[in-house]
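So this one's coords37.tsv, TSV, C-alpha atoms and all ligand atoms:
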```
chain	number	residue	atom	x	y	z
E	1	MET	CA	58.34	93.44	-97.45
E	2	ASN	CA	58.82	89.84	-96.54
E	3	GLU	CA	59.79	90.59	-92.97
E	4	THR	CA	58.34	88.27	-90.35
E	5	PRO	CA	55.69	90.09	-88.30
E	6	ARG	CA	56.58	90.73	-84.68
E	7	TRP	CA	54.08	88.25	-83.27
E	8	ALA	CA	55.52	85.46	-85.42
E	9	SER	CA	59.14	86.06	-84.52
E	10	GLU	CA	61.07	83.57	-82.45
E	11	SER	CA	62.17	86.15	-79.87
E	12	PHE	CA	58.56	87.22	-79.27
E	13	TRP	CA	57.54	83.66	-78.40
E	14	LYS	CA	60.62	83.15	-76.27
E	15	LYS	CA	59.70	86.23	-74.23
E	16	THR	CA	56.07	85.18	-74.05
E	17	ALA	CA	57.09	81.75	-72.75
E	18	ILE	CA	59.24	83.33	-70.06
E	19	TRP	CA	56.49	85.74	-68.97
E	20	VAL	CA	53.80	83.07	-68.89
E	21	THR	CA	56.02	80.71	-66.90
E	22	ALA	CA	57.01	83.43	-64.44
E	23	GLY	CA	53.39	84.56	-64.10
E	24	SER	CA	52.11	81.04	-63.47
E	25	PHE	CA	54.86	80.49	-60.93
E	26	LEU	CA	53.78	83.59	-59.02
E	27	ILE	CA	50.13	82.54	-59.06
E	28	LEU	CA	51.16	79.10	-57.80
E	29	ILE	CA	53.08	80.65	-54.88
E	30	VAL	CA	50.16	82.91	-53.97
E	31	LEU	CA	47.68	80.01	-54.16
E	32	THR	CA	49.95	77.77	-52.06
E	33	PHE	CA	50.06	80.30	-49.22
E	34	ASP	CA	46.35	81.00	-49.60
E	35	THR	CA	45.57	77.26	-49.32
E	36	LEU	CA	47.96	76.72	-46.41
E	37	SER	CA	46.26	79.45	-44.41
E	38	LYS	CA	42.90	77.77	-45.03
E	39	THR	CA	43.94	74.17	-44.39
E	40	SER	CA	46.11	74.51	-41.30
E	41	ALA	CA	44.74	73.65	-37.86
E	42	GLY	CA	43.43	76.72	-36.10
E	43	SER	CA	42.05	78.43	-39.20
E	44	THR	CA	38.41	79.24	-39.91
E	45	ARG	CA	37.57	75.93	-41.55
E	46	VAL	CA	39.94	73.69	-39.62
E	47	PRO	CA	39.61	73.97	-35.82
E	48	ASP	CA	42.71	73.65	-33.68
E	49	TYR	CA	43.39	70.29	-32.03
E	50	THR	CA	41.82	71.14	-28.66
E	51	VAL	CA	38.46	70.74	-30.41
E	52	ILE	CA	38.78	67.08	-29.31
E	53	ASN	CA	37.70	68.34	-25.87
E	54	GLN	CA	34.39	69.48	-27.33
E	55	LYS	CA	31.16	68.07	-28.61
E	56	ILE	CA	30.98	67.88	-32.38
E	57	ASP	CA	27.93	67.47	-34.54
E	58	TYR	CA	27.24	67.75	-38.26
E	59	ARG	CA	23.92	69.16	-39.44
E	60	PHE	CA	22.23	70.61	-42.46
E	61	ASP	CA	22.36	74.41	-42.40
E	62	GLU	CA	19.29	75.86	-44.11
E	63	LYS	CA	20.87	79.25	-44.68
E	64	LEU	CA	24.07	77.93	-46.23
E	65	ASN	CA	22.19	75.09	-47.91
E	66	LYS	CA	24.83	72.53	-46.96
E	67	PHE	CA	25.90	70.31	-44.07
E	68	MET	CA	28.10	72.08	-41.54
E	69	PRO	CA	30.02	70.92	-38.46
E	70	ILE	CA	28.67	72.28	-35.19
E	71	ILE	CA	31.17	72.65	-32.36
E	72	GLY	CA	29.42	72.49	-29.02
E	73	GLY	CA	30.39	72.66	-25.36
E	74	GLU	CA	32.80	70.46	-23.49
E	75	GLU	CA	32.65	66.73	-24.24
E	76	LEU	CA	35.88	65.10	-23.18
E	77	LEU	CA	37.58	62.29	-25.05
E	78	PHE	CA	38.63	59.33	-22.85
E	79	ASP	CA	37.55	61.43	-19.83
E	80	LYS	CA	40.55	63.67	-20.20
E	81	LYS	CA	40.93	67.34	-20.99
E	82	TYR	CA	43.87	67.72	-23.35
E	83	THR	CA	46.10	70.79	-23.45
E	84	ALA	CA	46.88	72.23	-26.87
E	85	GLU	CA	50.19	70.37	-26.91
E	86	GLU	CA	48.76	67.03	-25.76
E	87	ALA	CA	45.90	67.30	-28.24
E	88	GLU	CA	48.29	67.97	-31.11
E	89	GLN	CA	50.46	65.02	-30.07
E	90	LEU	CA	47.53	62.65	-29.88
E	91	VAL	CA	45.96	63.73	-33.18
E	92	THR	CA	49.38	63.59	-34.85
E	93	LEU	CA	49.93	60.03	-33.58
E	94	GLY	CA	46.54	59.11	-35.05
E	95	LYS	CA	47.27	60.77	-38.36
E	96	LYS	CA	50.66	59.03	-38.59
E	97	THR	CA	49.03	55.71	-37.79
E	98	THR	CA	46.52	56.17	-40.61
E	99	GLN	CA	49.45	56.87	-42.91
E	100	ALA	CA	51.65	54.02	-41.66
E	101	LYS	CA	48.79	51.50	-41.91
E	102	ASN	CA	47.62	52.92	-45.22
E	103	CYS	CA	43.95	53.27	-44.31
E	104	MET	CA	43.48	55.19	-47.55
E	105	ASN	CA	44.00	51.95	-49.42
E	106	CYS	CA	40.39	51.13	-48.52
E	107	HIS	CA	38.91	54.29	-46.96
E	108	THR	CA	38.54	57.91	-48.02
E	109	LEU	CA	39.74	60.69	-45.72
E	110	LEU	CA	38.86	64.28	-46.62
E	111	GLY	CA	38.27	63.33	-50.23
E	112	ASN	CA	41.47	61.28	-50.66
E	113	GLY	CA	41.57	57.52	-50.82
E	114	ALA	CA	39.47	54.59	-51.90
E	115	TYR	CA	35.83	53.58	-51.70
E	116	TYR	CA	36.21	49.93	-50.76
E	117	ALA	CA	35.28	50.80	-47.17
E	118	PRO	CA	33.21	53.61	-45.59
E	119	ASP	CA	34.33	57.24	-45.85
E	120	LEU	CA	36.17	58.11	-42.62
E	121	THR	CA	35.81	61.90	-42.84
E	122	LYS	CA	32.85	61.94	-40.43
E	123	ALA	CA	33.31	58.41	-39.00
E	124	TRP	CA	33.39	59.85	-35.46
E	125	LEU	CA	29.72	60.75	-35.93
E	126	ASP	CA	28.70	57.45	-37.50
E	127	GLN	CA	25.48	56.00	-36.09
E	128	GLY	CA	27.19	52.60	-36.19
E	129	TRP	CA	28.74	53.42	-32.79
E	130	ILE	CA	25.20	53.15	-31.37
E	131	SER	CA	25.39	55.86	-28.70
E	132	ARG	CA	27.73	58.58	-27.53
E	133	ASP	CA	28.39	56.68	-24.30
E	134	MET	CA	29.46	53.51	-26.07
E	135	ARG	CA	31.30	55.13	-28.94
E	136	GLU	CA	34.85	55.43	-27.60
E	137	ASP	CA	34.89	51.92	-26.24
E	138	MET	CA	33.42	50.45	-29.42
E	139	MET	CA	35.88	52.34	-31.59
E	140	LEU	CA	38.83	51.14	-29.52
E	141	LYS	CA	37.70	47.53	-29.72
E	142	PHE	CA	36.93	47.79	-33.41
E	143	LEU	CA	40.25	49.38	-34.36
E	144	MET	CA	42.32	46.92	-32.32
E	145	ASP	CA	40.40	43.86	-33.47
E	146	PRO	CA	38.07	44.67	-36.37
E	147	GLU	CA	37.59	41.04	-37.34
E	148	ASN	CA	35.95	40.08	-34.06
E	149	ASN	CA	34.09	43.37	-33.72
E	150	ALA	CA	32.78	43.63	-37.26
E	151	ARG	CA	29.93	46.11	-37.40
E	152	THR	CA	28.70	46.12	-40.99
E	153	PHE	CA	28.76	49.78	-41.76
E	154	GLY	CA	26.62	49.12	-44.76
E	155	SER	CA	29.30	47.47	-46.87
E	156	GLY	CA	29.04	43.85	-45.76
E	157	ARG	CA	32.84	43.78	-46.01
E	158	LYS	CA	35.25	43.07	-43.19
E	159	MET	CA	38.19	45.15	-42.11
E	160	PRO	CA	41.37	43.12	-41.56
E	161	ASN	CA	43.34	43.23	-38.32
E	162	LEU	CA	46.07	45.83	-38.77
E	163	ASN	CA	47.81	45.23	-35.42
E	164	ILE	CA	47.00	48.66	-34.08
E	165	THR	CA	48.14	49.15	-30.47
E	166	GLU	CA	45.83	50.72	-27.90
E	167	ALA	CA	47.88	53.94	-27.88
E	168	GLU	CA	47.66	54.14	-31.67
E	169	ALA	CA	43.93	53.41	-31.60
E	170	ARG	CA	43.39	56.26	-29.13
E	171	GLY	CA	45.34	58.52	-31.45
E	172	VAL	CA	43.27	57.40	-34.45
E	173	ILE	CA	40.05	58.11	-32.52
E	174	ALA	CA	41.29	61.61	-31.60
E	175	PHE	CA	42.26	62.15	-35.23
E	176	LEU	CA	38.80	61.02	-36.40
E	177	LYS	CA	37.10	63.28	-33.84
E	178	TRP	CA	39.20	66.26	-34.93
E	179	MET	CA	38.60	65.48	-38.62
E	180	SER	CA	34.83	65.41	-38.08
E	181	SER	CA	35.02	69.05	-36.91
E	182	ILE	CA	36.51	70.26	-40.20
E	183	ASP	CA	34.28	72.34	-42.47
E	184	THR	CA	34.39	70.20	-45.61
E	185	ASN	CA	32.05	72.44	-47.57
E	186	GLY	CA	29.07	70.15	-47.11
E	187	PHE	CA	30.75	66.86	-47.90
E	188	PRO	CA	29.47	64.23	-47.22
E	189	HIS	CA	25.91	65.32	-47.95
E	190	ASN	CA	22.82	63.69	-46.41
E	191	PHE	CA	24.62	62.45	-43.33
E	192	THR	CA	22.71	61.46	-40.20
E	193	SER	CA	24.98	61.90	-37.21
E	194	ILE	CA	24.94	59.83	-34.02
E	195	GLU	CA	23.84	62.99	-32.18
E	196	SER	CA	20.47	63.10	-33.89
E	197	GLU	CA	19.71	59.55	-32.69
E	198	GLU	CA	19.50	60.68	-29.10
E	199	GLU	CA	17.04	63.54	-29.36
E	201	LIG	C1	41.80	46.29	-46.40
E	201	LIG	C2	40.86	47.37	-46.32
E	201	LIG	C3	40.88	48.25	-45.08
E	201	LIG	C4	41.94	48.92	-44.52
E	201	LIG	C5	43.39	48.95	-44.96
E	201	LIG	C6	41.39	49.66	-43.41
E	201	LIG	N1	40.05	49.44	-43.30
E	201	LIG	FE1	38.77	50.30	-41.94
E	201	LIG	N2	37.24	49.28	-42.71
E	201	LIG	C7	37.31	48.40	-43.77
E	201	LIG	C8	36.00	47.79	-43.99
E	201	LIG	C9	35.66	46.78	-45.06
E	201	LIG	C10	35.13	48.38	-43.03
E	201	LIG	C11	33.66	48.05	-42.76
E	201	LIG	C12	33.73	46.97	-41.70
E	201	LIG	C13	32.44	46.53	-41.14
E	201	LIG	O1	31.39	46.91	-41.66
E	201	LIG	O2	32.48	45.74	-40.15
E	201	LIG	C14	35.93	49.31	-42.26
E	201	LIG	C15	35.44	50.10	-41.23
E	201	LIG	C16	36.16	51.05	-40.54
E	201	LIG	C17	35.62	51.99	-39.58
E	201	LIG	C18	34.16	52.16	-39.23
E	201	LIG	C19	33.59	53.07	-40.30
E	201	LIG	C20	32.49	53.99	-39.90
E	201	LIG	O3	31.75	54.40	-40.82
E	201	LIG	O4	32.39	54.36	-38.75
E	201	LIG	C21	36.65	52.72	-39.11
E	201	LIG	C22	36.59	53.83	-38.07
E	201	LIG	C23	37.84	52.24	-39.78
E	201	LIG	N3	37.51	51.23	-40.63
E	201	LIG	C24	39.10	52.75	-39.56
E	201	LIG	C25	40.23	52.34	-40.24
E	201	LIG	C26	41.53	52.87	-39.97
E	201	LIG	C27	41.82	53.96	-38.96
E	201	LIG	C28	42.38	52.23	-40.82
E	201	LIG	C29	43.88	52.38	-40.89
E	201	LIG	C30	44.58	52.28	-39.62
E	201	LIG	C31	41.62	51.30	-41.61
E	201	LIG	N4	40.31	51.39	-41.23
E	201	LIG	C32	42.14	50.48	-42.59
E	201	LIG	C33	38.42	48.10	-44.53
E	201	LIG	C34	39.70	48.57	-44.29
```
Target format structure tokens, applied to this file:
Amino acid sequence: MNETPRWASESFWKKTAIWVTAGSFLILIVLTFDTLSKTSAGSTRVPDYTVINQKIDYRFDEKLNKFMPIIGGEELLFDKKYTAEEAEQLVTLGKKTTQAKNCMNCHTLLGNGAYYAPDLTKAWLDQGWISRDMREDMMLKFLMDPENNARTFGSGRKMPNLNITEAEARGVIAFLKWMSSIDTNGFPHNFTSIESEEE
């Protein structure tokens, strides 16, 4: 008569808690592997590191209705053709430099970071580097001594000198070039790349 209904019993809720936790855990594992396969270098959206040997552009795609990276023919970085291993080493050095120097404290990379300074996701294609011929040299000089090579990328703010060595700066540039080839689902939108300047 006064028996507790099944759905209100303690054991029912204990079992429910266990099933929900176990179920969520499984979904989390599946999603983790699903994400890893989509975010690792060499997947559909993230080109492998040898993309630094190629020309990269970023244009609006009418069909997809969003900006998309365009990977073109050969366009060497620092006049060198990198093997898969060398490219990975160089990009990794750049990535580690951005972490060690905490660029995210001011910049945003792939949606993570701050908005004190320009978004670096497509910085390789920034028109601020004037032309494709001058770009690498200007980037090297800027990264190694930003105070004396201030460019005013629209912010009117100055980047401090972070004591980046030339080797590190080359790595950072390779990292930025590789990052600009990543399909970021149309982000940033309304971007005019350095490539369109020269047409
Ligand atoms: C204290 C803040 C701060 C930190 C930390 C910082 N930057 Fe900057 N960065 C800036 C500012 C401000 C600008 C804009 C400078 C200008 O207009 O001259 C800038 C500009 C840049 C640009 C040019 C942006 C473009 O649109 O092309 C690049 C590339 C860049 N930074 C790379 C880096 C890297 C790589 C790191 C880490 C190693 C870093 N920055 C760390 C403040 C910072």
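Between Ile130 of chain E and the residues E:Asp183, E:Glu74, E:Glu195, E:Asp145, the shortest atom-to-atom distance, using all atoms listed in the file, involves E:Glu195.
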Around all the atoms of ligand LIG 201 (chain E) listed in the file, with 6 Å of room on each side, what axis-aligned box do you get, giving centre and edge lengths in Å to one decimal, as lines of an AutoDock Vina configuration file?
```
center_x = 38.0
center_y = 50.1
center_z = -42.2
size_x = 25.2
size_y = 20.7
size_z = 20.3
```
Next on the checklist: At a cut-off of 7 Å around ligand LIG 201 (chain E), and using only C-alpha atoms and all ligand atoms, what residues come up? Please write them as a VMD selection string.
Outcome noted: chain E and resid 97 to 98 101 to 107 116 to 120 123 to 124 126 128 139 143 146 150 to 160 162 172
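In this model, the gap between atom CA of Thr165 of chain E and atom CA of Pro69 of chain E comes to 29.4 Å.
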Next on the checklist: Please list as number ranges by chain every residue within 12 Å of Leu110 of chain E, counting all atoms listed in the file and excluding residues in the same chain fewer than 3 positions away.
Outcome noted: E: 39, 46, 104, 107, 113-114, 119-123, 176, 178-188
Expected file contents, prior selection, C-alpha atoms, as an mmCIF file, keeping the file's coordinate frame:
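Saved the output as out-v9.cif:
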```
data_model
loop_
_atom_site.group_PDB
_atom_site.id
_atom_site.type_symbol
_atom_site.label_atom_id
_atom_site.label_comp_id
_atom_site.auth_asym_id
_atom_site.auth_seq_id
_atom_site.Cartn_x
_atom_site.Cartn_y
_atom_site.Cartn_z
ATOM 1 C CA THR E 39 43.940 74.170 -44.390
ATOM 2 C CA VAL E 46 39.940 73.690 -39.620
ATOM 3 C CA MET E 104 43.480 55.190 -47.550
ATOM 4 C CA HIS E 107 38.910 54.290 -46.960
ATOM 5 C CA GLY E 113 41.570 57.520 -50.820
ATOM 6 C CA ALA E 114 39.470 54.590 -51.900
ATOM 7 C CA ASP E 119 34.330 57.240 -45.850
ATOM 8 C CA LEU E 120 36.170 58.110 -42.620
ATOM 9 C CA THR E 121 35.810 61.900 -42.840
ATOM 10 C CA LYS E 122 32.850 61.940 -40.430
ATOM 11 C CA ALA E 123 33.310 58.410 -39.000
ATOM 12 C CA LEU E 176 38.800 61.020 -36.400
ATOM 13 C CA TRP E 178 39.200 66.260 -34.930
ATOM 14 C CA MET E 179 38.600 65.480 -38.620
ATOM 15 C CA SER E 180 34.830 65.410 -38.080
ATOM 16 C CA SER E 181 35.020 69.050 -36.910
ATOM 17 C CA ILE E 182 36.510 70.260 -40.200
ATOM 18 C CA ASP E 183 34.280 72.340 -42.470
ATOM 19 C CA THR E 184 34.390 70.200 -45.610
ATOM 20 C CA ASN E 185 32.050 72.440 -47.570
ATOM 21 C CA GLY E 186 29.070 70.150 -47.110
ATOM 22 C CA PHE E 187 30.750 66.860 -47.900
ATOM 23 C CA PRO E 188 29.470 64.230 -47.220
#
```
